[in-house]
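J.: Quick one: the structure is below, and I'll ask about it shortly.
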Amino acid sequence: MLELRSIAAHYEGIHALHDVSFSIGQGEIISLIGANGAGKTTTLMTISGMVAASRGRILFEGEEITGRRPEDIVRLGISQVPEGRRIFPQLTIQENLDLGAWLRRDRKEIEKDRRYVFDLFPILRERRQQSGGTLSGGEQQMLAISRALMARPRLLLLDEPSLGLAPMMIRHIFAIIAMINREHATTILLVEQNANMALHVAHRGYVMENGRITHHGSGRELLDDEAVRAAYLGI
Ligand code: ATP
């Protein structure tokens with residue numbers, strides 16, 4: 001479904017990605033793990049068109065998307081949930097969700113998707129007139145995921161959904177991520193520092209170090225890999 005071929009990316013002199021290649025199949029959950037600054041967020045940003053790749057190609061369902069504008073990439077079916085959630089704190093939950101659907105005109109289907117995200121996260125239904133900024137961190141993460149789902153993506157990019165959340169909330173969010181994948185056939189690329197949770201939920205994973213992919217395998221293989229365990233699982 002998605003293929004990165006030898007992607008490089010730079011920020012004013014900083015070489016953030018070197019020769020990054022990987023692929024994601026339809027219906028998979030792929031976790032991209034690595035330390036702070038490894039290049040995980042930059043990888044997501046090159047896919048969503050927020051950062052320009054300086055080399056290489058990105059293909060989505062066989063079509064080249066390298067260099068396309070972010071809104072064109074959303075239109076093709078790729079939505080990103082940014083790190084730190086970035087919901088609109090002054091707007092209500094309902095308004096935040098409506099913004100997720102801003103490129104769509106199919107009103108009935110939008111209404112169906114609103115019911116779907118409210119069923120995933122009933123607390124958002126209860127609070128739909130409340131402003132986003134008054135929600136807890138976990139609820140804001142639910143809202144950020146829901147807003148991305150309102151674009152009805154076929155590929156969902158999640159950047160550190162566990163960041164700053166309590167263990168129970170992290171387990172809840174990961175259970176929902178697995179459910180979205182299972183019940184809605186949404187393909188998911190998950191960037192995480194919480195390698196343990198990320199590899200448990202993933203079909204396959206990639207490890208990133210200093211802007212390069214250094215390991216890949218099934219979630220189970222990476223969880224059992226000595227080097228991965230020592231570096232990322234603290235075992
Ligand atoms: P984290 O988990 O801390 O978000 P990451 O693996 O997502 O880390 P990136 O955020 O992709 O890593 O950063 C990769 C490299 O690019 C780092 O050296 C970082 O300092 C640099 N970088 C990221 N964003 C910018 C930017 N806007 N301007 C300049 N350098 C940047």
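Letters A, B, ... mark the chains of the structure tokens in the order given; residue numbers begin at 1 per chain; ligand numbers begin at 1, in order shown.
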Please provide as a PyMOL selection string all residues within 9 Å of region 132-138 of chain A, with the sequence filter that same-chain residues fewer than 5 positions apart are discarded (counting only C-alpha atoms).

T.: chain A and resi 85+87-93+96+127+143+162+164-166+169-170+173

J.: Store the residues picked out above in a file with N, CA and C atoms, as a short mmCIF file (atom, residue, chain, number, x, y, z; two decimals), in the first residue's frame.

T.:
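Once everything was written out, this is again_15.cif:
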data_model
loop_
_atom_site.label_atom_id
_atom_site.label_comp_id
_atom_site.auth_asym_id
_atom_site.auth_seq_id
_atom_site.Cartn_x
_atom_site.Cartn_y
_atom_site.Cartn_z
N ARG A 85 -0.70 15.82 19.89
CA ARG A 85 -2.15 15.87 19.63
C ARG A 85 -2.63 17.05 18.81
N ILE A 87 -4.91 19.36 18.99
CA ILE A 87 -6.33 19.64 18.74
C ILE A 87 -6.52 21.15 18.86
N PHE A 88 -7.68 21.66 18.48
CA PHE A 88 -7.94 23.10 18.61
C PHE A 88 -8.61 23.33 19.96
N PRO A 89 -7.89 23.91 20.94
CA PRO A 89 -8.40 23.97 22.31
C PRO A 89 -9.64 24.85 22.48
N GLN A 90 -9.79 25.89 21.63
CA GLN A 90 -10.94 26.81 21.78
C GLN A 90 -12.20 26.24 21.15
N LEU A 91 -12.04 25.28 20.25
CA LEU A 91 -13.21 24.73 19.55
C LEU A 91 -13.78 23.55 20.32
N THR A 92 -15.07 23.32 20.12
CA THR A 92 -15.71 22.18 20.80
C THR A 92 -15.23 20.88 20.15
N ILE A 93 -15.56 19.79 20.83
CA ILE A 93 -15.22 18.47 20.29
C ILE A 93 -15.86 18.29 18.92
N ASN A 96 -14.02 20.31 16.35
CA ASN A 96 -12.75 19.65 16.03
C ASN A 96 -12.98 18.50 15.05
N ARG A 127 -19.37 14.67 25.75
CA ARG A 127 -18.80 16.01 25.92
C ARG A 127 -18.74 16.82 24.64
N LEU A 143 -9.60 12.46 20.89
CA LEU A 143 -10.15 13.45 19.95
C LEU A 143 -9.24 13.58 18.72
N SER A 162 1.08 7.45 22.86
CA SER A 162 1.18 7.18 24.31
C SER A 162 1.80 8.33 25.09
N GLY A 164 2.93 11.02 27.36
CA GLY A 164 2.39 11.74 28.51
C GLY A 164 1.13 11.13 29.12
N LEU A 165 0.77 9.91 28.72
CA LEU A 165 -0.46 9.31 29.25
C LEU A 165 -0.15 8.28 30.34
N ALA A 166 -1.11 8.10 31.25
CA ALA A 166 -0.97 7.10 32.32
C ALA A 166 -1.09 5.69 31.72
N MET A 169 -4.49 4.45 30.51
CA MET A 169 -4.96 5.15 29.31
C MET A 169 -4.19 4.67 28.08
N ILE A 170 -2.90 4.41 28.25
CA ILE A 170 -2.09 3.90 27.12
C ILE A 170 -2.66 2.56 26.65
N ILE A 173 -5.90 3.22 24.71
CA ILE A 173 -5.66 3.80 23.38
C ILE A 173 -5.13 2.71 22.42
#

J.: Using backbone DSSP assignments, extract all strand (DSSP E or B) residues from chain A; output them as a PyMOL selection string.

T.: chain A and resi 2-11+14-24+29-33+55-60+63-64+78-81+92+131+155-159+187-192+204-209+212-218

J.: Would you mind listing the residues within 6 Å of ligand 1, counting only C-alpha atoms and all ligand atoms, as an mmCIF file with N, CA and C atoms, in the first residue's frame?

T.:
data_model
loop_
_atom_site.group_PDB
_atom_site.id
_atom_site.type_symbol
_atom_site.label_atom_id
_atom_site.label_comp_id
_atom_site.auth_asym_id
_atom_site.auth_seq_id
_atom_site.Cartn_x
_atom_site.Cartn_y
_atom_site.Cartn_z
ATOM 1 N N TYR A 11 16.971 19.195 7.349
ATOM 2 C CA TYR A 11 16.492 20.472 7.901
ATOM 3 C C TYR A 11 17.714 21.388 7.934
ATOM 4 N N ALA A 16 18.489 14.507 8.473
ATOM 5 C CA ALA A 16 17.617 13.788 9.413
ATOM 6 C C ALA A 16 17.312 12.360 8.965
ATOM 7 N N ALA A 35 14.897 5.842 19.406
ATOM 8 C CA ALA A 35 15.139 6.823 20.473
ATOM 9 C C ALA A 35 14.716 8.221 20.021
ATOM 10 N N ASN A 36 14.787 9.161 20.951
ATOM 11 C CA ASN A 36 14.591 10.581 20.649
ATOM 12 C C ASN A 36 15.493 11.016 19.512
ATOM 13 N N GLY A 37 14.932 11.699 18.536
ATOM 14 C CA GLY A 37 15.773 12.273 17.479
ATOM 15 C C GLY A 37 16.201 11.278 16.412
ATOM 16 N N ALA A 38 15.681 10.055 16.454
ATOM 17 C CA ALA A 38 16.104 9.030 15.477
ATOM 18 C C ALA A 38 15.594 9.340 14.066
ATOM 19 N N GLY A 39 14.516 10.120 13.979
ATOM 20 C CA GLY A 39 13.981 10.468 12.657
ATOM 21 C C GLY A 39 12.578 9.933 12.412
ATOM 22 N N LYS A 40 11.928 9.448 13.457
ATOM 23 C CA LYS A 40 10.602 8.826 13.299
ATOM 24 C C LYS A 40 9.562 9.856 12.847
ATOM 25 N N THR A 41 9.514 10.992 13.554
ATOM 26 C CA THR A 41 8.537 12.027 13.190
ATOM 27 C C THR A 41 8.817 12.549 11.782
ATOM 28 N N THR A 42 10.088 12.729 11.473
ATOM 29 C CA THR A 42 10.440 13.224 10.138
ATOM 30 C C THR A 42 9.950 12.250 9.067
#

J.: Please provide as a list of chain:residue names all residues within 8 Å of Ala178 (chain A), with the sequence filter that same-chain residues fewer than 4 positions apart are discarded (counting only C-alpha atoms).

T.: A:Phe174, A:Arg182, A:Val201

J.: Save out the residues we just selected, all heavy atoms, as a JSON list (two decimals), in the first residue's frame.

T.:
[["chain", "number", "residue", "atom", "x", "y", "z"],
["A", 174, "PHE", "N", -4.22, 1.88, 22.90],
["A", 174, "PHE", "CA", -3.68, 0.83, 22.03],
["A", 174, "PHE", "C", -4.74, -0.21, 21.67],
["A", 174, "PHE", "O", -4.75, -0.73, 20.55],
["A", 174, "PHE", "CB", -2.44, 0.17, 22.66],
["A", 174, "PHE", "CG", -1.18, 0.92, 22.35],
["A", 174, "PHE", "CD1", -0.83, 2.05, 23.05],
["A", 174, "PHE", "CD2", -0.35, 0.51, 21.31],
["A", 174, "PHE", "CE1", 0.32, 2.77, 22.74],
["A", 174, "PHE", "CE2", 0.80, 1.23, 20.99],
["A", 174, "PHE", "CZ", 1.14, 2.35, 21.71],
["A", 182, "ARG", "N", -8.68, -3.69, 12.98],
["A", 182, "ARG", "CA", -9.38, -4.96, 12.80],
["A", 182, "ARG", "C", -10.76, -4.76, 12.18],
["A", 182, "ARG", "O", -11.15, -5.42, 11.24],
["A", 182, "ARG", "CB", -9.52, -5.61, 14.17],
["A", 182, "ARG", "CG", -9.52, -7.11, 14.17],
["A", 182, "ARG", "CD", -9.44, -7.69, 15.57],
["A", 182, "ARG", "NE", -10.28, -7.03, 16.54],
["A", 182, "ARG", "CZ", -9.82, -6.45, 17.66],
["A", 182, "ARG", "NH1", -8.55, -6.44, 17.93],
["A", 182, "ARG", "NH2", -10.65, -5.87, 18.50],
["A", 201, "VAL", "N", 1.32, -4.60, 19.58],
["A", 201, "VAL", "CA", 0.12, -4.37, 18.76],
["A", 201, "VAL", "C", 0.41, -4.54, 17.25],
["A", 201, "VAL", "O", -0.51, -4.76, 16.47],
["A", 201, "VAL", "CB", -0.48, -2.96, 19.08],
["A", 201, "VAL", "CG1", 0.30, -1.86, 18.40],
["A", 201, "VAL", "CG2", -1.94, -2.87, 18.72]]

J.: Fewer than 6 positions away in the same chain doesn't count, so skip those; otherwise give me all residues within 9 Å of region 103-108 of chain A, counting only C-alpha atoms, as a ChimeraX atom specification.

T.: /A:71,74-75,151

J.: Selection from above, C-alpha atoms, as a PDB file, in the first residue's frame, can you write it?

T.:
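Listed below is the output, selection18.pdb:
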ATOM      1  CA  GLU A  71      -4.039  18.411   1.438  1.00  0.00           C
ATOM      2  CA  VAL A  74      -5.121  13.706   2.803  1.00  0.00           C
ATOM      3  CA  ARG A  75      -7.477  13.541  -0.196  1.00  0.00           C
ATOM      4  CA  ALA A 151     -11.180  12.139   6.935  1.00  0.00           C
TER       5      ALA A 151
END

J.: So that I can check the surroundings of Tyr116 (chain A), please list as a ChimeraX atom specification every protein, DNA and RNA residue that reaches within 12 Å of it, counting only C-alpha atoms and ignoring chain neighbours fewer than 3 positions away.

T.: /A:97,109-113,119-122,124-125,146-147,149-150,152,179-180,183-184

J.: Apply DSSP to the backbone of this structure and, from region 39-224 of chain A, keep only the residues in alpha helix (DSSP H); write these as an NGL selection string.

T.: :A and (40-48 or 70-76 or 93-100 or 107-120 or 122-126 or 137-149 or 167-184 or 195-201 or 219-224)

J.: Distance CA of Leu158 (chain A)-CA of Arg55 (chain A), one decimal place?

T.: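 Separating CA of Leu158 (chain A) from CA of Arg55 (chain A) is a distance of 23.5 Å.
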
J.: For Ser218 (chain A), which residue out of A:Leu59, A:Ala202, A:Leu4, A:Ile33 is the nearest one, using only C-alpha atoms?

T.: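 Among the listed residues, the smallest separation from Ser218 (chain A) belongs to A:Ala202.
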